[in-house]
$ cat upload.cif   # mmCIF, C-alpha atoms
data_protein
loop_
_atom_site.label_atom_id
_atom_site.label_comp_id
_atom_site.auth_asym_id
_atom_site.auth_seq_id
_atom_site.Cartn_x
_atom_site.Cartn_y
_atom_site.Cartn_z
CA MET A 1 -5.00 -14.94 0.31
CA ALA A 2 -2.52 -12.53 1.86
CA ASP A 3 -2.17 -12.63 5.63
CA THR A 4 -3.87 -9.47 6.88
CA THR A 5 -4.23 -10.48 10.52
CA SER A 6 -1.25 -8.39 11.60
CA ILE A 7 -2.29 -5.19 9.81
CA LYS A 8 -2.67 -2.36 12.27
CA HIS A 9 -5.78 -0.25 11.75
CA PRO A 10 -8.27 1.93 13.63
CA THR A 11 -11.58 0.73 15.03
CA PRO A 12 -14.13 0.41 12.23
CA LEU A 13 -17.02 2.82 12.03
CA THR A 14 -20.42 1.31 12.65
CA THR A 15 -22.90 2.87 10.27
CA GLY A 16 -25.57 1.74 7.87
CA ASP A 17 -25.00 4.61 5.43
CA PHE A 18 -21.38 5.41 4.63
CA THR A 19 -22.31 8.83 3.25
CA GLN A 20 -23.07 9.93 6.82
CA ALA A 21 -19.48 9.33 7.98
CA GLU A 22 -17.64 12.42 9.18
CA GLU A 23 -14.12 10.95 9.36
CA PRO A 24 -12.39 8.84 6.69
CA LEU A 25 -10.08 6.54 8.68
CA ALA A 26 -12.88 4.81 10.60
CA LEU A 27 -14.88 4.44 7.39
CA PHE A 28 -11.88 2.91 5.65
CA ALA A 29 -11.43 0.51 8.57
CA GLU A 30 -15.04 -0.63 8.20
CA TRP A 31 -14.73 -1.16 4.46
CA PHE A 32 -11.39 -2.91 4.78
CA ALA A 33 -12.72 -5.28 7.46
CA GLU A 34 -15.56 -6.21 5.13
CA ALA A 35 -13.13 -6.65 2.22
CA VAL A 36 -11.00 -9.07 4.28
CA LYS A 37 -14.09 -11.27 4.63
CA ALA A 38 -15.36 -10.89 1.05
CA GLU A 39 -12.35 -10.70 -1.29
CA PRO A 40 -10.96 -14.09 -2.39
CA ASN A 41 -7.45 -12.74 -2.97
CA ASP A 42 -5.38 -9.97 -1.40
CA PRO A 43 -7.91 -7.51 0.06
CA ASN A 44 -4.88 -5.37 0.96
CA ALA A 45 -3.80 -5.03 -2.69
CA MET A 46 -3.65 -1.42 -3.86
CA SER A 47 -2.56 0.46 -6.94
CA LEU A 48 0.33 2.83 -6.27
CA ALA A 49 0.74 5.77 -8.65
CA THR A 50 3.90 7.90 -8.85
CA VAL A 51 5.46 10.14 -11.50
CA ASP A 52 8.90 10.02 -13.10
CA GLU A 53 11.31 12.91 -13.67
CA SER A 54 9.41 14.01 -16.78
CA GLY A 55 6.04 13.98 -15.00
CA LEU A 56 4.89 10.80 -16.78
CA PRO A 57 2.75 8.71 -14.40
CA ASP A 58 3.61 5.17 -13.31
CA VAL A 59 1.22 2.76 -11.61
CA ARG A 60 1.62 -0.75 -10.20
CA MET A 61 0.00 -3.07 -7.67
CA VAL A 62 1.55 -3.37 -4.21
CA LEU A 63 0.37 -4.82 -0.90
CA MET A 64 -0.54 -2.57 1.99
CA LYS A 65 1.24 -3.93 5.07
CA GLY A 66 -0.20 -1.61 7.68
CA TYR A 67 -2.25 1.54 8.19
CA ASP A 68 -3.23 3.84 11.00
CA ALA A 69 -3.82 7.54 11.57
CA ASP A 70 -0.33 8.29 10.25
CA GLY A 71 -0.84 6.66 6.87
CA PHE A 72 -0.65 3.57 4.66
CA VAL A 73 2.55 1.50 4.59
CA PHE A 74 4.11 -0.67 1.87
CA TYR A 75 7.60 -2.10 1.29
CA SER A 76 9.95 -2.56 -1.65
CA HIS A 77 13.49 -1.95 -2.90
CA ILE A 78 14.71 1.62 -2.49
CA ALA A 79 16.47 1.51 -5.88
CA SER A 80 13.36 0.22 -7.69
CA GLN A 81 11.57 2.48 -10.13
CA LYS A 82 8.95 3.35 -7.54
CA GLY A 83 11.66 4.02 -4.96
CA ARG A 84 13.57 6.36 -7.25
CA GLU A 85 10.41 8.22 -8.23
CA LEU A 86 9.30 8.64 -4.62
CA ALA A 87 12.74 9.92 -3.65
CA ALA A 88 12.51 12.61 -6.36
CA ASN A 89 8.83 13.45 -5.78
CA PRO A 90 7.50 12.16 -2.44
CA LYS A 91 3.81 12.24 -3.35
CA ALA A 92 1.61 9.32 -4.36
CA ALA A 93 -1.91 8.12 -5.07
CA LEU A 94 -3.40 4.82 -3.94
CA LEU A 95 -6.45 2.91 -5.13
CA PHE A 96 -8.20 0.02 -3.42
CA HIS A 97 -10.78 -1.76 -5.59
CA TRP A 98 -12.89 -4.46 -3.97
CA LYS A 99 -14.87 -5.89 -6.85
CA SER A 100 -16.87 -8.33 -4.76
CA LEU A 101 -18.20 -5.41 -2.70
CA ARG A 102 -18.51 -3.00 -5.65
CA ARG A 103 -16.46 -0.43 -3.77
CA GLN A 104 -13.28 1.52 -4.27
CA VAL A 105 -11.26 3.99 -2.22
CA ARG A 106 -8.90 6.54 -3.73
CA ILE A 107 -6.21 8.13 -1.54
CA ARG A 108 -3.71 10.90 -2.32
CA GLY A 109 -1.00 12.14 0.00
CA LEU A 110 2.57 12.82 0.97
CA VAL A 111 5.15 10.05 1.23
CA SER A 112 7.89 9.47 3.80
CA ALA A 113 10.22 6.56 4.54
CA VAL A 114 9.48 4.31 7.50
CA ILE A 115 12.13 4.15 10.22
CA ASP A 116 14.68 1.32 10.16
CA ALA A 117 13.19 -0.38 13.21
CA GLU A 118 9.80 -0.58 11.52
CA ALA A 119 11.30 -1.99 8.30
CA ASP A 120 13.36 -4.51 10.32
CA ALA A 121 10.30 -5.66 12.24
CA TYR A 122 8.24 -6.23 9.11
CA PHE A 123 11.09 -7.91 7.19
CA ALA A 124 11.47 -10.40 10.04
CA THR A 125 7.87 -11.57 9.48
CA ARG A 126 8.41 -12.44 5.82
CA PRO A 127 8.92 -16.09 4.77
CA LYS A 128 12.62 -16.93 4.54
CA GLN A 129 12.42 -17.52 0.78
CA ALA A 130 10.94 -14.04 0.35
CA GLN A 131 13.72 -12.59 2.49
CA ILE A 132 16.28 -14.35 0.29
CA GLY A 133 14.55 -13.02 -2.81
CA ALA A 134 14.87 -9.47 -1.52
CA TRP A 135 18.64 -9.93 -1.39
CA ALA A 136 18.86 -11.63 -4.80
CA SER A 137 16.66 -9.20 -6.75
CA LYS A 138 17.95 -5.96 -8.25
CA GLN A 139 14.40 -4.77 -8.69
CA SER A 140 13.57 -2.89 -11.90
CA GLN A 141 17.07 -3.46 -13.32
CA PRO A 142 17.63 -5.42 -16.57
CA LEU A 143 17.81 -9.19 -16.02
CA GLU A 144 19.83 -11.40 -18.36
CA SER A 145 17.66 -14.49 -17.89
CA ARG A 146 15.50 -16.32 -15.38
CA PHE A 147 18.39 -18.72 -14.85
CA ALA A 148 20.64 -15.84 -13.79
CA PHE A 149 18.06 -14.82 -11.19
CA GLU A 150 17.76 -18.39 -9.91
CA GLN A 151 21.56 -18.55 -9.58
CA ALA A 152 21.53 -15.36 -7.53
CA ILE A 153 18.81 -16.81 -5.29
CA ALA A 154 20.83 -19.99 -4.79
CA LEU A 155 23.93 -18.02 -3.78
CA VAL A 156 22.02 -16.02 -1.19
CA ALA A 157 20.25 -19.15 0.09
CA ALA A 158 23.62 -20.85 0.58
CA LYS A 159 24.91 -17.86 2.53
CA TYR A 160 21.94 -17.86 4.90
CA VAL A 161 21.25 -21.59 5.07
CA ILE A 162 21.55 -21.35 8.86
CA GLY A 163 20.26 -18.51 11.01
CA GLU A 164 18.18 -15.43 10.35
CA VAL A 165 18.26 -13.39 7.15
CA PRO A 166 18.94 -9.69 7.89
CA ARG A 167 17.11 -6.94 6.05
CA PRO A 168 19.06 -5.59 3.06
CA GLN A 169 19.93 -1.91 3.47
CA GLY A 170 18.47 -1.29 0.02
CA TRP A 171 15.05 -2.63 1.04
CA SER A 172 12.64 -0.61 3.15
CA GLY A 173 9.18 0.90 3.31
CA TRP A 174 7.18 4.05 2.74
CA ARG A 175 4.18 5.63 4.41
CA VAL A 176 1.56 7.59 2.46
CA ALA A 177 0.02 10.22 4.77
CA PRO A 178 -3.41 10.93 3.28
CA LEU A 179 -4.59 14.41 2.41
CA GLN A 180 -7.51 13.21 0.33
CA PHE A 181 -9.88 10.22 0.36
CA GLU A 182 -12.66 9.37 -2.04
CA PHE A 183 -15.10 6.57 -1.20
CA TRP A 184 -17.05 5.18 -4.15
CA HIS A 185 -19.89 2.68 -4.02
CA ASP A 186 -21.63 1.19 -7.04
CA ARG A 187 -25.30 1.94 -7.54
CA ALA A 188 -27.72 0.81 -10.25
CA PHE A 189 -27.68 2.60 -13.62
CA ARG A 190 -24.29 4.19 -12.76
CA LEU A 191 -25.94 6.47 -10.19
CA HIS A 192 -23.08 5.82 -7.81
CA ASP A 193 -22.40 7.29 -4.36
CA ARG A 194 -19.14 9.25 -4.01
CA ILE A 195 -17.89 10.98 -0.86
CA GLU A 196 -14.67 12.97 -0.74
CA PHE A 197 -12.67 13.99 2.33
CA ARG A 198 -9.88 16.59 2.13
CA ARG A 199 -7.51 18.31 4.54
CA ALA A 200 -4.70 20.82 4.09
CA GLY A 201 -2.22 18.99 6.35
CA ALA A 202 -1.84 16.04 8.69
CA ASP A 203 -2.81 18.18 11.70
CA GLN A 204 -5.78 19.82 9.98
CA PRO A 205 -9.47 18.85 10.19
CA TRP A 206 -11.21 16.95 7.39
CA SER A 207 -13.82 18.55 5.17
CA LYS A 208 -16.40 16.38 3.38
CA THR A 209 -18.05 16.81 0.00
CA ARG A 210 -20.56 14.67 -1.83
CA LEU A 211 -19.68 14.31 -5.53
CA TYR A 212 -21.76 13.64 -8.61
CA PRO A 213 -21.16 10.13 -9.97
#

$ encode --input "upload.cif" --output "structure tokens"
Amino acid sequence: MADTTSIKHPTPLTTGDFTQAEEPLALFAEWFAEAVKAEPNDPNAMSLATVDESGLPDVRMVLMKGYDADGFVFYSHIASQKGRELAANPKAALLFHWKSLRRQVRIRGLVSAVIDAEADAYFATRPKQAQIGAWASKQSQPLESRFAFEQAIALVAAKYVIGEVPRPQGWSGWRVAPLQFEFWHDRAFRLHDRIEFRRAGADQPWSKTRLYP
């Protein structure tokens, strides 16, 4: 299971009926805390959807590495496909699906890069082999063979056999500032509960709507 003990998040909401919640971040914190206890693997896994230059959607799984009132943070290579698409169109959608709890949360919002100090601090917490892999990988680029990748890893490992591994300048993180949440909970006979929160901007109040399943 992924280490989620260091993930920054708001105080969970305490409520027996999630449809009564008036603010999405506290509700997310409650659901995420329950997912950490219930999900056998990676409760912080989320789908990340972007679009390419033609408007064709892309989606992949990434790991959320932090969240707070400012947004949801993940890390990757800047020159990766996701990085290039976010640079051209800094908007994204996220999806958390916790099957064991029969819940999902959809999030849509605006994307910005994290500051260097934040990326440095997170990179320093990664296992050394993962740090080495970040240097060796040209993410999303064609790869001749697995052996070629292993050679690249060995070269980087030899360079940093002693001492700390610095963060590559081409590796950083992004923050998705939410403008929309949808909380979905499974109910019998597909009569599910769905609650949507929307706001016009980061400094605007949330509005809430109950949706048909």

$ closest_residue --input "upload.cif" --among "A:Asp58, A:Asp70, A:Asp52, A:Glu196" --to "Tyr212 of chain A" --atoms "all atoms listed in the file"
A:Glu196

$ closest_residue --input "upload.cif" --among "A:Leu86, A:Val105, A:Ala26, A:Leu179" --to "Arg194 of chain A" --atoms "only C-alpha atoms"
A:Val105

$ resolve_selection --input "upload.cif" --expression "the PyMOL selection byres ((chain A and resi 110) around 12)" --output "ChimeraX atom specification"
/A:50,70-73,86-87,89-94,107-109,111-113,174-180,200-202

$ closest_residue --input "upload.cif" --among "A:Arg210, A:Glu164, A:His97, A:Val156" --to "Thr125 of chain A" --atoms "only C-alpha atoms"
A:Glu164

$ resolve_selection --input "upload.cif" --expression "the PyMOL selection byres ((chain A and resi 64) around 6)" --output "list in words"
Asn44, Leu63, Lys65, Gly66, Val73 and Phe74 of chain A

$ atom_distance --input "upload.cif" --atom1 "atom CA of Ala69 of chain A" --atom2 "atom CA of Leu25 of chain A"
7.0 Å

$ residues_around --input "upload.cif" --residues "Ala79 of chain A" --least-positions-apart "6" --cutoff "10 Å" --atoms "all atoms listed in the file" --output "list in words"
Glu85, Ala87, Lys138, Gln139, Ser140, Gln141, Gly170 and Trp171 of chain A

$ resolve_selection --input "upload.cif" --expression "the PyMOL selection byres ((chain A and resi 103) around 8)" --output "JSON, numbers by chain"
{"A": [97, 98, 99, 100, 101, 102, 104, 105, 183, 184, 185, 186]}

$ decode --input "upload.cif" --residues "segment 72-207 of chain A" --atoms "C-alpha atoms" --output "short mmCIF file (atom, residue, chain, number, x, y, z; two decimals), in the first residue's frame"
data_model
loop_
_atom_site.label_atom_id
_atom_site.label_comp_id
_atom_site.auth_asym_id
_atom_site.auth_seq_id
_atom_site.Cartn_x
_atom_site.Cartn_y
_atom_site.Cartn_z
CA PHE A 72 -4.71 18.20 -5.20
CA VAL A 73 -1.02 17.59 -5.93
CA PHE A 74 0.75 14.95 -8.04
CA TYR A 75 4.24 14.66 -9.56
CA SER A 76 5.75 13.51 -12.84
CA HIS A 77 8.10 14.48 -15.67
CA ILE A 78 7.41 17.88 -17.19
CA ALA A 79 8.14 16.57 -20.71
CA SER A 80 5.79 13.59 -20.32
CA GLN A 81 2.59 13.47 -22.33
CA LYS A 82 0.57 14.68 -19.36
CA GLY A 83 3.09 17.46 -18.72
CA ARG A 84 2.97 18.69 -22.30
CA GLU A 85 -0.82 18.59 -22.37
CA LEU A 86 -1.13 20.47 -19.08
CA ALA A 87 1.32 23.11 -20.31
CA ALA A 88 -0.85 23.70 -23.39
CA ASN A 89 -4.20 23.47 -21.58
CA PRO A 90 -3.90 23.80 -17.79
CA LYS A 91 -7.21 22.18 -16.91
CA ALA A 92 -7.81 18.64 -15.67
CA ALA A 93 -10.30 16.18 -14.23
CA LEU A 94 -9.61 13.71 -11.42
CA LEU A 95 -11.47 10.60 -10.33
CA PHE A 96 -11.07 8.68 -7.09
CA HIS A 97 -12.82 5.29 -7.05
CA TRP A 98 -12.84 3.35 -3.80
CA LYS A 99 -14.43 0.05 -4.73
CA SER A 100 -14.39 -1.40 -1.23
CA LEU A 101 -16.49 1.55 -0.03
CA ARG A 102 -18.64 1.76 -3.18
CA ARG A 103 -17.79 5.44 -3.51
CA GLN A 104 -16.25 7.73 -6.06
CA VAL A 105 -15.33 11.41 -6.20
CA ARG A 106 -15.01 13.38 -9.42
CA ILE A 107 -13.06 16.66 -9.43
CA ARG A 108 -12.56 19.23 -12.20
CA GLY A 109 -10.39 22.31 -11.98
CA LEU A 110 -7.54 24.52 -13.03
CA VAL A 111 -3.93 23.34 -12.97
CA SER A 112 -0.77 25.14 -11.89
CA ALA A 113 2.80 24.01 -11.26
CA VAL A 114 4.01 23.59 -7.69
CA ILE A 115 6.92 25.77 -6.61
CA ASP A 116 10.46 24.36 -6.77
CA ALA A 117 10.79 24.16 -2.99
CA GLU A 118 7.67 22.01 -2.78
CA ALA A 119 8.89 19.68 -5.55
CA ASP A 120 12.33 19.45 -3.91
CA ALA A 121 10.81 18.58 -0.54
CA TYR A 122 8.66 15.80 -1.96
CA PHE A 123 11.43 14.39 -4.19
CA ALA A 124 13.67 14.08 -1.12
CA THR A 125 11.13 11.70 0.47
CA ARG A 126 11.17 9.24 -2.44
CA PRO A 127 13.19 6.00 -2.18
CA LYS A 128 16.64 6.43 -3.72
CA GLN A 129 15.90 3.90 -6.48
CA ALA A 130 12.82 5.91 -7.45
CA GLN A 131 14.90 9.09 -7.48
CA ILE A 132 17.40 7.38 -9.78
CA GLY A 133 14.58 6.21 -12.02
CA ALA A 134 13.35 9.77 -12.41
CA TRP A 135 16.76 10.72 -13.83
CA ALA A 136 17.00 7.65 -16.08
CA SER A 137 13.50 7.80 -17.57
CA LYS A 138 12.59 9.96 -20.57
CA GLN A 139 8.94 9.49 -19.76
CA SER A 140 6.56 8.98 -22.71
CA GLN A 141 9.43 8.93 -25.22
CA PRO A 142 10.13 5.85 -27.40
CA LEU A 143 12.31 3.25 -25.65
CA GLU A 144 14.56 0.94 -27.65
CA SER A 145 14.42 -1.94 -25.16
CA ARG A 146 14.12 -2.74 -21.47
CA PHE A 147 17.86 -3.39 -21.46
CA ALA A 148 18.53 0.16 -22.67
CA PHE A 149 16.47 1.50 -19.76
CA GLU A 150 18.32 -0.71 -17.27
CA GLN A 151 21.63 0.57 -18.65
CA ALA A 152 20.47 4.15 -18.13
CA ILE A 153 19.46 3.32 -14.56
CA ALA A 154 22.86 1.75 -13.89
CA LEU A 155 24.68 4.84 -15.18
CA VAL A 156 22.68 7.16 -12.94
CA ALA A 157 23.08 4.82 -9.96
CA ALA A 158 26.86 4.84 -10.45
CA LYS A 159 26.87 8.64 -10.53
CA TYR A 160 24.95 8.93 -7.27
CA VAL A 161 26.30 5.88 -5.46
CA ILE A 162 27.30 8.18 -2.59
CA GLY A 163 25.29 11.12 -1.30
CA GLU A 164 21.86 12.50 -2.03
CA VAL A 165 20.16 12.43 -5.43
CA PRO A 166 19.02 15.93 -6.48
CA ARG A 167 15.69 16.51 -8.18
CA PRO A 168 15.95 16.61 -11.98
CA GLN A 169 14.91 19.99 -13.38
CA GLY A 170 12.59 18.16 -15.77
CA TRP A 171 10.64 16.54 -12.92
CA SER A 172 8.12 18.46 -10.85
CA GLY A 173 4.51 18.59 -9.72
CA TRP A 174 1.12 20.11 -10.45
CA ARG A 175 -1.78 21.25 -8.32
CA VAL A 176 -5.40 20.89 -9.45
CA ALA A 177 -7.47 23.68 -7.84
CA PRO A 178 -11.03 22.32 -7.78
CA LEU A 179 -13.97 24.20 -9.24
CA GLN A 180 -16.28 21.21 -9.18
CA PHE A 181 -16.73 18.11 -6.99
CA GLU A 182 -19.17 15.26 -7.40
CA PHE A 183 -19.60 12.72 -4.59
CA TRP A 184 -21.20 9.43 -5.61
CA HIS A 185 -22.28 6.62 -3.31
CA ASP A 186 -23.67 3.28 -4.45
CA ARG A 187 -27.21 2.41 -3.48
CA ALA A 188 -29.29 -0.70 -4.19
CA PHE A 189 -30.93 -1.08 -7.61
CA ARG A 190 -28.72 1.72 -9.02
CA LEU A 191 -30.65 4.34 -7.03
CA HIS A 192 -27.39 6.03 -6.12
CA ASP A 193 -26.76 9.23 -4.16
CA ARG A 194 -24.96 12.01 -6.05
CA ILE A 195 -24.06 15.44 -4.67
CA GLU A 196 -22.35 18.11 -6.76
CA PHE A 197 -20.50 21.19 -5.53
CA ARG A 198 -19.54 24.03 -7.89
CA ARG A 199 -17.87 27.43 -7.62
CA ALA A 200 -16.90 30.06 -10.17
CA GLY A 201 -13.39 30.64 -8.77
CA ALA A 202 -11.04 29.71 -5.95
CA ASP A 203 -12.23 32.66 -3.85
CA GLN A 204 -15.94 32.06 -4.52
CA PRO A 205 -18.47 30.21 -2.33
CA TRP A 206 -19.60 26.67 -3.14
CA SER A 207 -23.09 25.89 -4.37
#
